[in-house]
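J.: Pasting my_file03.tsv here (TSV, C-alpha atoms):
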chain	number	residue	atom	x	y	z
A	1	ALA	CA	115.25	72.02	112.69
A	2	VAL	CA	112.05	73.36	114.27
A	3	PRO	CA	110.14	70.67	116.19
A	4	GLY	CA	106.86	69.83	114.46
A	5	VAL	CA	107.93	70.93	110.97
A	6	ARG	CA	107.39	68.09	108.48
A	7	HIS	CA	108.03	69.55	105.04
A	8	VAL	CA	109.26	72.66	103.25
A	9	VAL	CA	107.97	72.69	99.67
A	10	ARG	CA	108.14	75.09	96.77
A	11	ILE	CA	104.86	75.86	95.00
A	12	GLU	CA	104.06	78.35	92.26
A	13	SER	CA	103.27	81.22	94.65
A	14	GLY	CA	106.28	80.73	96.92
A	15	VAL	CA	107.43	78.43	99.71
A	16	ALA	CA	105.17	76.53	102.11
A	17	VAL	CA	106.12	75.17	105.53
A	18	VAL	CA	104.04	72.17	106.57
A	19	ALA	CA	103.92	71.32	110.27
A	20	ASP	CA	101.86	69.57	112.92
A	21	ASN	CA	100.34	72.86	114.08
A	22	PHE	CA	100.20	76.51	113.16
A	23	TRP	CA	102.75	77.66	115.76
A	24	ALA	CA	105.37	75.23	114.49
A	25	ALA	CA	104.65	76.20	110.87
A	26	GLN	CA	105.00	79.89	111.70
A	27	ARG	CA	108.27	79.36	113.58
A	28	GLY	CA	109.55	77.22	110.73
A	29	ARG	CA	108.68	79.89	108.20
A	30	ASP	CA	110.43	82.55	110.28
A	31	ALA	CA	113.56	80.36	110.33
A	32	LEU	CA	113.78	80.13	106.55
A	33	ARG	CA	116.46	82.08	104.71
A	34	LEU	CA	114.98	83.04	101.37
A	35	THR	CA	116.12	85.17	98.46
A	36	TRP	CA	113.24	86.66	96.51
A	37	ASN	CA	113.12	88.31	93.12
A	38	PRO	CA	111.25	91.52	94.02
A	39	GLY	CA	109.95	92.03	90.47
A	40	LYS	CA	109.48	95.12	88.35
A	41	ASN	CA	107.33	96.95	90.90
A	42	ALA	CA	109.81	96.70	93.76
A	43	MET	CA	110.15	100.49	94.01
A	44	LEU	CA	106.46	101.27	93.50
A	45	ASP	CA	104.90	103.25	96.34
A	46	SER	CA	101.80	105.37	96.98
A	47	ALA	CA	103.45	108.56	95.71
A	48	ALA	CA	104.45	106.92	92.42
A	49	ILE	CA	100.97	105.44	91.98
A	50	SER	CA	99.41	108.86	92.56
A	51	GLN	CA	101.78	110.46	90.08
A	52	GLN	CA	100.97	107.85	87.42
A	53	LEU	CA	97.21	108.20	87.82
A	54	ARG	CA	97.29	112.00	87.91
A	55	ALA	CA	99.29	112.01	84.69
A	56	ALA	CA	96.85	109.55	83.10
A	57	ALA	CA	93.92	111.80	84.07
A	58	GLU	CA	95.39	114.56	81.93
A	59	ARG	CA	95.17	112.46	78.76
A	60	GLU	CA	92.12	112.28	76.52
A	61	GLY	CA	90.01	109.29	77.46
A	62	THR	CA	87.36	106.99	76.06
A	63	THR	CA	83.90	108.51	76.04
A	64	VAL	CA	81.46	106.99	78.54
A	65	ARG	CA	78.73	109.59	78.18
A	66	ASN	CA	78.44	112.76	76.13
A	67	GLU	CA	75.49	115.16	76.07
A	68	GLY	CA	75.60	118.68	74.72
A	69	ASP	CA	78.99	120.38	74.50
A	70	SER	CA	80.70	120.58	77.86
A	71	ALA	CA	84.08	121.65	76.44
A	72	THR	CA	82.74	124.76	74.69
A	73	THR	CA	80.49	125.66	77.62
A	74	LEU	CA	83.40	125.41	80.06
A	75	ASP	CA	85.65	127.48	77.80
A	76	LYS	CA	83.06	130.27	77.57
A	77	SER	CA	82.06	130.26	81.24
A	78	THR	CA	83.34	132.85	83.67
A	79	ARG	CA	82.82	130.63	86.72
A	80	VAL	CA	84.46	127.22	86.54
A	81	ILE	CA	84.97	124.92	89.52
A	82	GLU	CA	87.72	122.28	89.33
A	83	ALA	CA	88.74	119.40	91.59
A	84	MET	CA	90.88	116.29	91.56
A	85	TYR	CA	89.90	113.26	93.64
A	86	GLU	CA	92.04	110.25	94.43
A	87	THR	CA	91.11	106.93	96.03
A	88	PRO	CA	93.73	104.46	97.33
A	89	TYR	CA	94.14	100.72	97.01
A	90	LEU	CA	92.06	99.08	99.76
A	91	ALA	CA	92.35	95.64	101.33
A	92	HIS	CA	89.20	93.60	101.94
A	93	ALA	CA	90.36	92.83	105.50
A	94	CYS	CA	87.83	90.04	106.01
A	95	MET	CA	87.39	89.12	109.67
A	96	GLU	CA	88.51	85.58	108.83
A	97	PRO	CA	91.90	85.53	107.01
A	98	MET	CA	92.22	83.45	103.86
A	99	ASN	CA	92.26	79.71	104.50
A	100	CYS	CA	91.54	76.40	102.83
A	101	THR	CA	91.84	72.71	103.65
A	102	ALA	CA	92.57	70.25	100.84
A	103	HIS	CA	92.98	66.48	100.61
A	104	VAL	CA	94.46	65.34	97.30
A	105	ARG	CA	94.41	61.65	96.44
A	106	THR	CA	95.02	59.70	93.25
A	107	ASP	CA	91.30	59.16	92.74
A	108	GLY	CA	89.87	62.44	93.99
A	109	CYS	CA	90.24	65.74	95.81
A	110	ASP	CA	88.22	67.26	98.63
A	111	VAL	CA	88.38	70.95	99.42
A	112	TRP	CA	86.91	72.63	102.49
A	113	VAL	CA	86.86	76.37	101.91
A	114	PRO	CA	84.98	79.60	102.67
A	115	THR	CA	84.42	80.67	99.08
A	116	GLN	CA	82.17	82.92	97.03
A	117	ALA	CA	82.92	80.86	93.91
A	118	GLN	CA	82.46	77.10	94.32
A	119	SER	CA	82.85	76.31	90.63
A	120	GLY	CA	86.03	78.38	90.49
A	121	ALA	CA	87.47	76.45	93.44
A	122	ARG	CA	86.55	73.16	91.78
A	123	ASP	CA	88.13	74.14	88.48
A	124	ALA	CA	91.31	75.40	90.16
A	125	ALA	CA	91.70	72.14	92.08
A	126	ALA	CA	91.10	70.07	88.94
A	127	LYS	CA	93.74	72.00	87.04
A	128	ILE	CA	96.41	71.49	89.70
A	129	THR	CA	95.65	67.81	90.34
A	130	GLY	CA	94.95	66.81	86.75
A	131	LEU	CA	91.71	65.20	87.92
A	132	PRO	CA	88.38	65.62	86.14
A	133	THR	CA	86.08	68.16	87.78
A	134	SER	CA	83.72	65.32	88.66
A	135	ALA	CA	86.40	63.97	91.02
A	136	VAL	CA	86.68	67.24	92.96
A	137	ARG	CA	84.30	67.94	95.82
A	138	VAL	CA	84.04	71.43	97.30
A	139	HIS	CA	82.66	71.67	100.85
A	140	THR	CA	81.59	75.26	101.38
A	141	THR	CA	82.06	76.56	104.92
A	142	PHE	CA	80.65	79.76	106.37
A	143	LEU	CA	82.33	82.98	105.22
A	144	GLY	CA	84.10	85.06	107.82
A	145	GLY	CA	83.64	87.96	105.43
A	146	GLY	CA	83.83	87.91	101.65
A	147	PHE	CA	83.23	91.29	99.98
A	148	GLY	CA	84.60	89.98	96.67
A	149	ARG	CA	87.92	88.72	98.04
A	150	ARG	CA	86.77	85.10	98.16
A	151	LEU	CA	85.93	85.10	94.48
A	152	ARG	CA	89.67	84.59	93.95
A	153	GLN	CA	91.27	81.15	94.13
A	154	ASP	CA	94.84	81.86	95.25
A	155	PHE	CA	94.38	80.41	98.74
A	156	VAL	CA	92.60	77.38	97.25
A	157	THR	CA	95.39	76.65	94.77
A	158	GLU	CA	97.95	76.91	97.56
A	159	ALA	CA	96.21	74.32	99.72
A	160	VAL	CA	95.69	71.91	96.81
A	161	ALA	CA	99.28	72.31	95.60
A	162	VAL	CA	100.75	71.68	99.05
A	163	SER	CA	98.49	68.68	99.70
A	164	LYS	CA	99.50	67.21	96.36
A	165	ALA	CA	103.19	67.80	97.14
A	166	VAL	CA	103.16	66.11	100.57
A	167	GLY	CA	100.49	63.47	99.94
A	168	ARG	CA	98.49	64.40	103.03
A	169	PRO	CA	95.47	66.54	103.96
A	170	VAL	CA	96.70	70.09	104.47
A	171	LYS	CA	95.14	73.18	105.99
A	172	VAL	CA	96.51	76.48	104.68
A	173	LEU	CA	95.99	79.45	106.98
A	174	TRP	CA	97.17	82.92	106.11
A	175	THR	CA	98.27	85.27	108.87
A	176	ARG	CA	96.67	88.69	109.04
A	177	VAL	CA	99.93	90.16	107.74
A	178	ASP	CA	99.80	87.80	104.74
A	179	ASP	CA	96.16	88.69	104.20
A	180	ILE	CA	96.78	92.45	104.05
A	181	ARG	CA	100.04	92.19	102.10
A	182	HIS	CA	98.96	89.70	99.43
A	183	GLY	CA	95.36	90.57	98.65
A	184	PHE	CA	93.58	91.52	95.45
A	185	TYR	CA	92.82	95.10	96.37
A	186	ARG	CA	90.09	97.54	95.48
A	187	PRO	CA	92.03	99.52	92.86
A	188	ALA	CA	93.15	103.11	93.19
A	189	ASN	CA	91.82	105.73	90.81
A	190	CYS	CA	92.08	109.44	90.08
A	191	THR	CA	89.24	111.63	88.85
A	192	ARG	CA	89.54	115.05	87.27
A	193	MET	CA	86.36	117.15	87.58
A	194	ARG	CA	85.32	120.47	86.03
A	195	ALA	CA	81.96	122.23	86.10
A	196	ALA	CA	80.55	125.61	85.09
A	197	LEU	CA	78.01	127.65	87.07
A	198	ASP	CA	75.84	130.34	85.45
A	199	ALA	CA	74.79	133.67	86.97
A	200	GLN	CA	72.07	131.90	89.00
A	201	ALA	CA	74.66	129.38	90.29
A	202	ILE	CA	73.08	126.56	88.28
A	203	PRO	CA	75.49	124.01	86.73
A	204	THR	CA	75.57	124.36	82.94
A	205	ALA	CA	78.44	121.96	82.22
A	206	TRP	CA	80.04	118.91	83.82
A	207	PHE	CA	83.26	117.20	82.80
A	208	GLN	CA	84.59	114.06	84.50
A	209	ARG	CA	87.61	111.96	83.56
A	210	VAL	CA	88.39	108.83	85.60
A	211	ALA	CA	91.78	107.11	85.38
A	212	GLY	CA	92.69	103.76	86.94
A	213	PRO	CA	92.64	99.98	86.47
A	214	LYS	CA	89.68	98.53	84.58
A	215	SER	CA	87.57	97.67	87.63
A	216	ALA	CA	87.94	101.24	88.95
A	217	LEU	CA	86.21	102.57	85.83
A	218	SER	CA	82.81	100.98	86.42
A	219	GLY	CA	79.87	102.34	88.38
A	220	ILE	CA	80.16	105.92	87.08
A	221	HIS	CA	76.68	107.34	87.49
A	222	VAL	CA	75.73	111.04	87.26
A	223	PRO	CA	71.97	111.44	87.81
A	224	TYR	CA	71.91	115.23	87.73
A	225	ALA	CA	70.16	117.16	84.93
A	226	ILE	CA	73.06	119.19	83.54
A	227	PRO	CA	72.62	120.15	79.86
A	228	ASN	CA	76.27	119.73	78.86
A	229	LEU	CA	77.76	116.63	80.42
A	230	ARG	CA	80.76	114.56	79.42
A	231	VAL	CA	82.31	111.55	81.20
A	232	GLU	CA	85.54	109.88	80.07
A	233	LYS	CA	87.59	106.97	81.35
A	234	ILE	CA	91.25	106.03	80.94
A	235	GLU	CA	92.50	102.57	81.78
A	236	HIS	CA	95.87	102.71	83.53
A	237	ASP	CA	97.05	99.90	85.79
A	238	PRO	CA	100.08	100.56	88.04
A	239	GLY	CA	100.53	96.78	88.46
A	240	ILE	CA	99.05	96.06	91.90
A	241	PRO	CA	96.79	92.96	91.95
A	242	SER	CA	93.19	94.14	92.15
A	243	GLY	CA	89.77	92.61	92.33
A	244	PRO	CA	86.12	93.18	93.29
A	245	TRP	CA	85.60	95.10	96.54
A	246	ARG	CA	82.02	95.48	97.77
A	247	SER	CA	80.30	97.77	95.23
A	248	VAL	CA	83.33	97.64	92.89
A	249	GLY	CA	83.84	100.89	90.93
A	250	ALA	CA	80.84	102.59	92.51
A	251	SER	CA	82.60	102.53	95.89
A	252	GLN	CA	85.05	105.15	94.64
A	253	ASN	CA	83.18	106.89	91.84
A	254	ALA	CA	80.27	107.70	94.17
A	255	PHE	CA	82.83	109.47	96.36
A	256	SER	CA	84.10	111.72	93.57
A	257	VAL	CA	80.69	112.50	92.04
A	258	GLU	CA	78.94	113.30	95.31
A	259	CYS	CA	81.85	115.23	96.82
A	260	PHE	CA	82.05	117.37	93.69
A	261	ILE	CA	78.31	118.07	93.86
A	262	ASP	CA	78.91	119.24	97.43
A	263	GLU	CA	81.69	121.52	96.21
A	264	LEU	CA	79.37	123.00	93.59
A	265	ALA	CA	76.64	123.55	96.20
A	266	HIS	CA	79.19	125.26	98.44
A	267	ALA	CA	80.38	127.48	95.58
A	268	ALA	CA	76.75	128.32	94.80
A	269	GLY	CA	76.08	129.16	98.43
A	270	GLN	CA	73.20	126.71	98.54
A	271	ASP	CA	72.05	123.97	100.88
A	272	PRO	CA	73.48	120.68	99.52
A	273	LEU	CA	70.12	118.90	99.78
A	274	ALA	CA	68.20	121.64	97.99
A	275	PHE	CA	70.96	121.90	95.38
A	276	ARG	CA	70.67	118.18	94.61
A	277	LEU	CA	66.88	118.09	94.57
A	278	ARG	CA	66.82	120.90	92.02
A	279	LEU	CA	69.09	118.93	89.70
A	280	LEU	CA	67.18	115.64	90.11
A	281	ALA	CA	64.03	116.68	88.27
A	282	ASP	CA	64.49	113.82	85.81
A	283	SER	CA	65.36	111.24	88.48
A	284	PRO	CA	62.26	110.71	90.66
A	285	ARG	CA	63.64	107.64	92.47
A	286	HIS	CA	66.77	109.53	93.47
A	287	ARG	CA	64.64	112.44	94.65
A	288	GLY	CA	62.36	110.18	96.66
A	289	VAL	CA	65.18	108.30	98.38
A	290	LEU	CA	67.14	111.48	99.06
A	291	GLN	CA	64.15	113.34	100.47
A	292	LEU	CA	63.17	110.41	102.69
A	293	ALA	CA	66.72	110.08	104.02
A	294	ALA	CA	66.83	113.82	104.72
A	295	ASP	CA	63.49	113.71	106.53
A	296	LYS	CA	64.51	110.73	108.66
A	297	ALA	CA	67.86	112.35	109.49
A	298	GLY	CA	66.26	115.62	110.53
A	299	TRP	CA	68.02	117.57	107.81
A	300	GLY	CA	68.12	121.29	108.61
A	301	ARG	CA	67.67	120.78	112.35
A	302	ALA	CA	70.27	122.51	114.51
A	303	LEU	CA	73.19	120.35	115.63
A	304	PRO	CA	75.25	120.51	118.81
A	305	ALA	CA	78.64	122.18	118.68
A	306	GLY	CA	81.27	119.94	117.11
A	307	TYR	CA	78.82	117.94	115.01
A	308	GLY	CA	78.23	117.96	111.26
A	309	ARG	CA	75.77	116.39	108.87
A	310	GLY	CA	76.24	115.37	105.26
A	311	ILE	CA	74.07	113.84	102.59
A	312	ALA	CA	74.59	112.00	99.31
A	313	VAL	CA	72.66	109.81	96.87
A	314	TYR	CA	74.01	107.26	94.41
A	315	HIS	CA	72.84	104.34	92.30
A	316	SER	CA	74.83	101.10	92.20
A	317	TYR	CA	73.51	97.93	90.57
Show me this structure written as structure tokens.
T.:
Amino acid sequence: AVPGVRHVVRIESGVAVVADNFWAAQRGRDALRLTWNPGKNAMLDSAAISQQLRAAAEREGTTVRNEGDSATTLDKSTRVIEAMYETPYLAHACMEPMNCTAHVRTDGCDVWVPTQAQSGARDAAAKITGLPTSAVRVHTTFLGGGFGRRLRQDFVTEAVAVSKAVGRPVKVLWTRVDDIRHGFYRPANCTRMRAALDAQAIPTAWFQRVAGPKSALSGIHVPYAIPNLRVEKIEHDPGIPSGPWRSVGASQNAFSVECFIDELAHAAGQDPLAFRLRLLADSPRHRGVLQLAADKAGWGRALPAGYGRGIAVYHSY
């Protein structure tokens, strides 16, 4: 009933409104009366996710790294620092929302798409159309932001499926709301940390247990020379679609490791730069980068009222 709307078609991911222009398609979509099956995670929210991951972090995990005996050292220590860190699901929020143009014919398929994975787009189109991959041509456009989001093919499969259904070239354009609501997010995780300080406020033990989806368990890197060090991981997926996001697991595990080092420096009453440098005796590249960053930033120089300065160092890839 909306002027300009040509087709309403069902595809695997939902319902598509095909129109002469975006405004007509959007108005046509708003006019639809749809009944959705909300699925098993309909009641899932941030509080429930946090509760699940915190509970998972209390279970014994798979060993990632184990040196010395952190458990015994922690049990015997009189000064133990503990912390729990949580990171949320994060959208990629590319400047250009997901989009793809496809033209499906009996003898071939052309796809114009901003993608980080040309072969993946080709294979996805071939699967939907039933064509050999040699009959699919992918025309890569500039990326309006990628960050790992455009490794996925969901927006490609939508365009190809709709074009196949209506027998015409079709441009699929997600709204910003669609883009935020239906992404493959950087996963949430929860990290339980414990460390022991001796009488000289030097760390003698470190324990770290990370819980979350698989991709949140990568990039765990502790460069500090602590004699008793144990890192564990526990895979627990609350069921939210997730995918690569910039530095993947390092984007969140750097946060927990470096924040906890800051907490230890604070408990020791030491400057956070000096505290790190002392523990990086076996990591000359970390020391060099950290010292250079501190020098360039004027570390230790007085700051105006209302200003603060922080420092961190991490290795990713």
J.: Can you work out which one of A:Arg79, A:Val64, A:Asp262, A:Ile240 has the shortest atom-to-atom distance to A:Leu44, counting all atoms listed in the file?
T.: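 The answer is A:Ile240, which sits nearest to A:Leu44.
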J.: With all atoms listed in the file as the basis for distance, which of A:Arg287, A:Leu197, A:Pro227, A:Asn37 is at the shortest distance from A:Ala265?
T.: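 Result for the nearest residue to A:Ala265: A:Leu197.
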J.: When you draw a straight line from atom CA of A:Leu217 to atom CA of A:Leu290, how long is it in Å?
T.: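 For atom CA of A:Leu217 relative to atom CA of A:Leu290, the distance reads 24.9 Å.
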J.: Taking only C-alpha atoms into account, name the residue in A:Asp30, A:Asp282, A:Asp69, A:Glu258 that is nearest to A:Tyr314.
T.: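 Checking each candidate against A:Tyr314, we get A:Glu258 as the closest.
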J.: Can you work out the spacing between atom CA of A:Ala91 and atom CA of A:Tyr185 in Å, to one decimal?
T.: 5.0 Å
J.: Between A:Thr157, A:Thr87, A:Ser218, A:Thr106, which residue has the minimum interatomic distance to A:Ala121, considering all atoms listed in the file?
T.: A:Thr157
J.: Select, from A:Thr73, A:Thr140, A:Asn253, A:Gln153, the residue with the minimum atom-to-atom distance to A:Gly120, counting all atoms listed in the file.
T.: A:Gln153
J.: Between atom CA of A:Arg27 and atom CA of A:Val177, what is the distance, to one decimal in Å?
T.: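 Computing the Euclidean distance for atom CA of A:Arg27 and atom CA of A:Val177 yields 14.8 Å.
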J.: Which is closest to A:Gln116 among A:Arg6, A:Arg149, A:Arg137, A:Arg246, if we use all atoms listed in the file?
T.: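 Residue with the minimum atom-to-atom distance to A:Gln116: A:Arg149.
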J.: Give as a PyMOL selection string the set of residues within 7 Å of the point (84.0, 90.2, 96.1), where distances use the file's coordinates and only C-alpha atoms.
T.: chain A and resi 146-151+244-246
J.: Kindly extract all protein, DNA and RNA residues lying within 8 Å of the coordinates (85.5, 127.7, 89.1) given in the file, considering all atoms listed in the file, and supply them as a list in words.
T.: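 With a cut-off of 8 Å, the residues come to Thr78, Arg79, Val80, Ile81, Glu82, Arg194, Ala195, Ala196 and Leu197 of chain A.
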J.: I'd like the contact shell of A:Glu263 - 9 Å cut-off, only C-alpha atoms, skipping same-chain residues fewer than 4 positions apart - returned as an MDAnalysis selection string.
T.: chainID A and resid 81 83 258:259 267:268 272
J.: Can you tell me, as JSON, the centre and edge lengths (Å, one decimal) of the axis-aligned box enclosing all of stretch 158-170 of chain A's listed atoms after padding each side by 4 Å?
T.:
{"center_x": 99.3, "center_y": 70.2, "center_z": 100.0, "size_x": 15.7, "size_y": 21.4, "size_z": 16.9}
J.: Could you name the residues that touch A:Gly28 at 8 Å or less, counting only C-alpha atoms, but leaving out those on the same chain fewer than 2 positions away, as a tab-separated table (two decimals) with C-alpha atoms, in the coordinates of the input?
T.:
chain	number	residue	atom	x	y	z
A	1	ALA	CA	115.25	72.02	112.69
A	2	VAL	CA	112.05	73.36	114.27
A	5	VAL	CA	107.93	70.93	110.97
A	17	VAL	CA	106.12	75.17	105.53
A	24	ALA	CA	105.37	75.23	114.49
A	25	ALA	CA	104.65	76.20	110.87
A	26	GLN	CA	105.00	79.89	111.70
A	30	ASP	CA	110.43	82.55	110.28
A	31	ALA	CA	113.56	80.36	110.33
A	32	LEU	CA	113.78	80.13	106.55
J.: Give me, as a ChimeraX atom specification, all polymer residues having an atom no more than 9 Å from stretch 179-182 of chain A, counting only C-alpha atoms and skipping those fewer than 6 positions away in the same chain.
T.: /A:91-94,97-98,241
J.: Output C-alpha atoms for every residue in the selection just made, as an mmCIF file, in the frame of the given file.
T.:
data_model
loop_
_atom_site.group_PDB
_atom_site.id
_atom_site.type_symbol
_atom_site.label_atom_id
_atom_site.label_comp_id
_atom_site.auth_asym_id
_atom_site.auth_seq_id
_atom_site.Cartn_x
_atom_site.Cartn_y
_atom_site.Cartn_z
ATOM 1 C CA ALA A 91 92.350 95.640 101.330
ATOM 2 C CA HIS A 92 89.200 93.600 101.940
ATOM 3 C CA ALA A 93 90.360 92.830 105.500
ATOM 4 C CA CYS A 94 87.830 90.040 106.010
ATOM 5 C CA PRO A 97 91.900 85.530 107.010
ATOM 6 C CA MET A 98 92.220 83.450 103.860
ATOM 7 C CA PRO A 241 96.790 92.960 91.950
#
J.: Need to verify the contact set: stretch 299-307 of chain A, 12 Å, only C-alpha atoms, exclusion of same-chain residues closer than 5 positions in sequence. Can you return it as JSON, numbers by chain?
T.: {"A": [271, 272, 273, 274, 290, 291, 292, 293, 294]}
J.: Excluding same-chain residues fewer than 6 positions from A:His286, what lies within 9 Å of it counting all atoms listed in the file, as number ranges by chain?
T.: A: 223, 277, 280, 313-315
J.: Could the residues in this selection be written to a file with C-alpha atoms, as a JSON list (two decimals), in the frame of the given file?
T.:
[["chain", "number", "residue", "atom", "x", "y", "z"],
["A", 223, "PRO", "CA", 71.97, 111.44, 87.81],
["A", 277, "LEU", "CA", 66.88, 118.09, 94.57],
["A", 280, "LEU", "CA", 67.18, 115.64, 90.11],
["A", 313, "VAL", "CA", 72.66, 109.81, 96.87],
["A", 314, "TYR", "CA", 74.01, 107.26, 94.41],
["A", 315, "HIS", "CA", 72.84, 104.34, 92.30]]
J.: Got a minute to add all heavy atoms to stretch 27-35 of chain A and dump it as a PDB file, in the frame of the given file?
T.:
ATOM      1  N   ARG A  27     106.874  79.299 113.125  1.00  0.00           N
ATOM      2  CA  ARG A  27     108.270  79.360 113.580  1.00  0.00           C
ATOM      3  C   ARG A  27     109.199  78.817 112.501  1.00  0.00           C
ATOM      4  O   ARG A  27     110.292  79.346 112.279  1.00  0.00           O
ATOM      5  CB  ARG A  27     108.442  78.575 114.878  1.00  0.00           C
ATOM      6  CG  ARG A  27     107.793  79.251 116.090  1.00  0.00           C
ATOM      7  CD  ARG A  27     108.004  78.430 117.339  1.00  0.00           C
ATOM      8  NE  ARG A  27     109.422  78.315 117.632  1.00  0.00           N
ATOM      9  CZ  ARG A  27     110.037  77.191 118.020  1.00  0.00           C
ATOM     10  NH1 ARG A  27     109.320  76.068 118.117  1.00  0.00           N
ATOM     11  NH2 ARG A  27     111.319  77.185 118.285  1.00  0.00           N
ATOM     12  N   GLY A  28     108.743  77.760 111.817  1.00  0.00           N
ATOM     13  CA  GLY A  28     109.550  77.220 110.730  1.00  0.00           C
ATOM     14  C   GLY A  28     109.692  78.202 109.585  1.00  0.00           C
ATOM     15  O   GLY A  28     110.774  78.358 109.008  1.00  0.00           O
ATOM     16  N   ARG A  29     108.616  78.886 109.267  1.00  0.00           N
ATOM     17  CA  ARG A  29     108.680  79.890 108.200  1.00  0.00           C
ATOM     18  C   ARG A  29     109.625  81.029 108.578  1.00  0.00           C
ATOM     19  O   ARG A  29     110.415  81.504 107.757  1.00  0.00           O
ATOM     20  CB  ARG A  29     107.281  80.452 107.921  1.00  0.00           C
ATOM     21  CG  ARG A  29     107.251  81.353 106.701  1.00  0.00           C
ATOM     22  CD  ARG A  29     105.888  81.965 106.461  1.00  0.00           C
ATOM     23  NE  ARG A  29     105.566  82.979 107.462  1.00  0.00           N
ATOM     24  CZ  ARG A  29     104.554  83.839 107.336  1.00  0.00           C
ATOM     25  NH1 ARG A  29     103.767  83.762 106.270  1.00  0.00           N
ATOM     26  NH2 ARG A  29     104.307  84.731 108.260  1.00  0.00           N
ATOM     27  N   ASP A  30     109.552  81.468 109.828  1.00  0.00           N
ATOM     28  CA  ASP A  30     110.430  82.550 110.280  1.00  0.00           C
ATOM     29  C   ASP A  30     111.903  82.153 110.235  1.00  0.00           C
ATOM     30  O   ASP A  30     112.787  83.018 110.111  1.00  0.00           O
ATOM     31  CB  ASP A  30     110.052  82.973 111.704  1.00  0.00           C
ATOM     32  CG  ASP A  30     108.678  83.645 111.767  1.00  0.00           C
ATOM     33  OD1 ASP A  30     108.181  84.067 110.708  1.00  0.00           O
ATOM     34  OD2 ASP A  30     108.118  83.737 112.870  1.00  0.00           O
ATOM     35  N   ALA A  31     112.176  80.834 110.335  1.00  0.00           N
ATOM     36  CA  ALA A  31     113.560  80.360 110.330  1.00  0.00           C
ATOM     37  C   ALA A  31     114.143  80.221 108.930  1.00  0.00           C
ATOM     38  O   ALA A  31     115.362  80.058 108.780  1.00  0.00           O
ATOM     39  CB  ALA A  31     113.640  79.009 111.056  1.00  0.00           C
ATOM     40  N   LEU A  32     113.285  80.281 107.913  1.00  0.00           N
ATOM     41  CA  LEU A  32     113.780  80.130 106.550  1.00  0.00           C
ATOM     42  C   LEU A  32     114.659  81.311 106.133  1.00  0.00           C
ATOM     43  O   LEU A  32     114.418  82.443 106.540  1.00  0.00           O
ATOM     44  CB  LEU A  32     112.605  80.038 105.561  1.00  0.00           C
ATOM     45  CG  LEU A  32     111.725  78.790 105.611  1.00  0.00           C
ATOM     46  CD1 LEU A  32     110.572  78.943 104.623  1.00  0.00           C
ATOM     47  CD2 LEU A  32     112.529  77.548 105.285  1.00  0.00           C
ATOM     48  N   ARG A  33     115.664  81.025 105.335  1.00  0.00           N
ATOM     49  CA  ARG A  33     116.460  82.080 104.710  1.00  0.00           C
ATOM     50  C   ARG A  33     116.178  82.033 103.219  1.00  0.00           C
ATOM     51  O   ARG A  33     116.599  81.104 102.515  1.00  0.00           O
ATOM     52  CB  ARG A  33     117.954  81.870 105.009  1.00  0.00           C
ATOM     53  CG  ARG A  33     118.315  82.146 106.465  1.00  0.00           C
ATOM     54  CD  ARG A  33     119.820  82.158 106.667  1.00  0.00           C
ATOM     55  NE  ARG A  33     120.415  80.841 106.437  1.00  0.00           N
ATOM     56  CZ  ARG A  33     120.531  79.892 107.386  1.00  0.00           C
ATOM     57  NH1 ARG A  33     120.070  80.127 108.609  1.00  0.00           N
ATOM     58  NH2 ARG A  33     121.086  78.724 107.115  1.00  0.00           N
ATOM     59  N   LEU A  34     115.460  83.030 102.751  1.00  0.00           N
ATOM     60  CA  LEU A  34     114.980  83.040 101.370  1.00  0.00           C
ATOM     61  C   LEU A  34     115.518  84.245 100.613  1.00  0.00           C
ATOM     62  O   LEU A  34     115.704  85.323 101.183  1.00  0.00           O
ATOM     63  CB  LEU A  34     113.445  83.103 101.336  1.00  0.00           C
ATOM     64  CG  LEU A  34     112.691  81.951 102.008  1.00  0.00           C
ATOM     65  CD1 LEU A  34     111.204  82.240 102.027  1.00  0.00           C
ATOM     66  CD2 LEU A  34     112.959  80.647 101.273  1.00  0.00           C
ATOM     67  N   THR A  35     115.759  84.066  99.342  1.00  0.00           N
ATOM     68  CA  THR A  35     116.120  85.170  98.460  1.00  0.00           C
ATOM     69  C   THR A  35     115.025  85.297  97.408  1.00  0.00           C
ATOM     70  O   THR A  35     114.777  84.366  96.643  1.00  0.00           O
ATOM     71  CB  THR A  35     117.470  84.926  97.761  1.00  0.00           C
ATOM     72  OG1 THR A  35     118.486  84.732  98.756  1.00  0.00           O
ATOM     73  CG2 THR A  35     117.835  86.106  96.876  1.00  0.00           C
TER      74      THR A  35
END
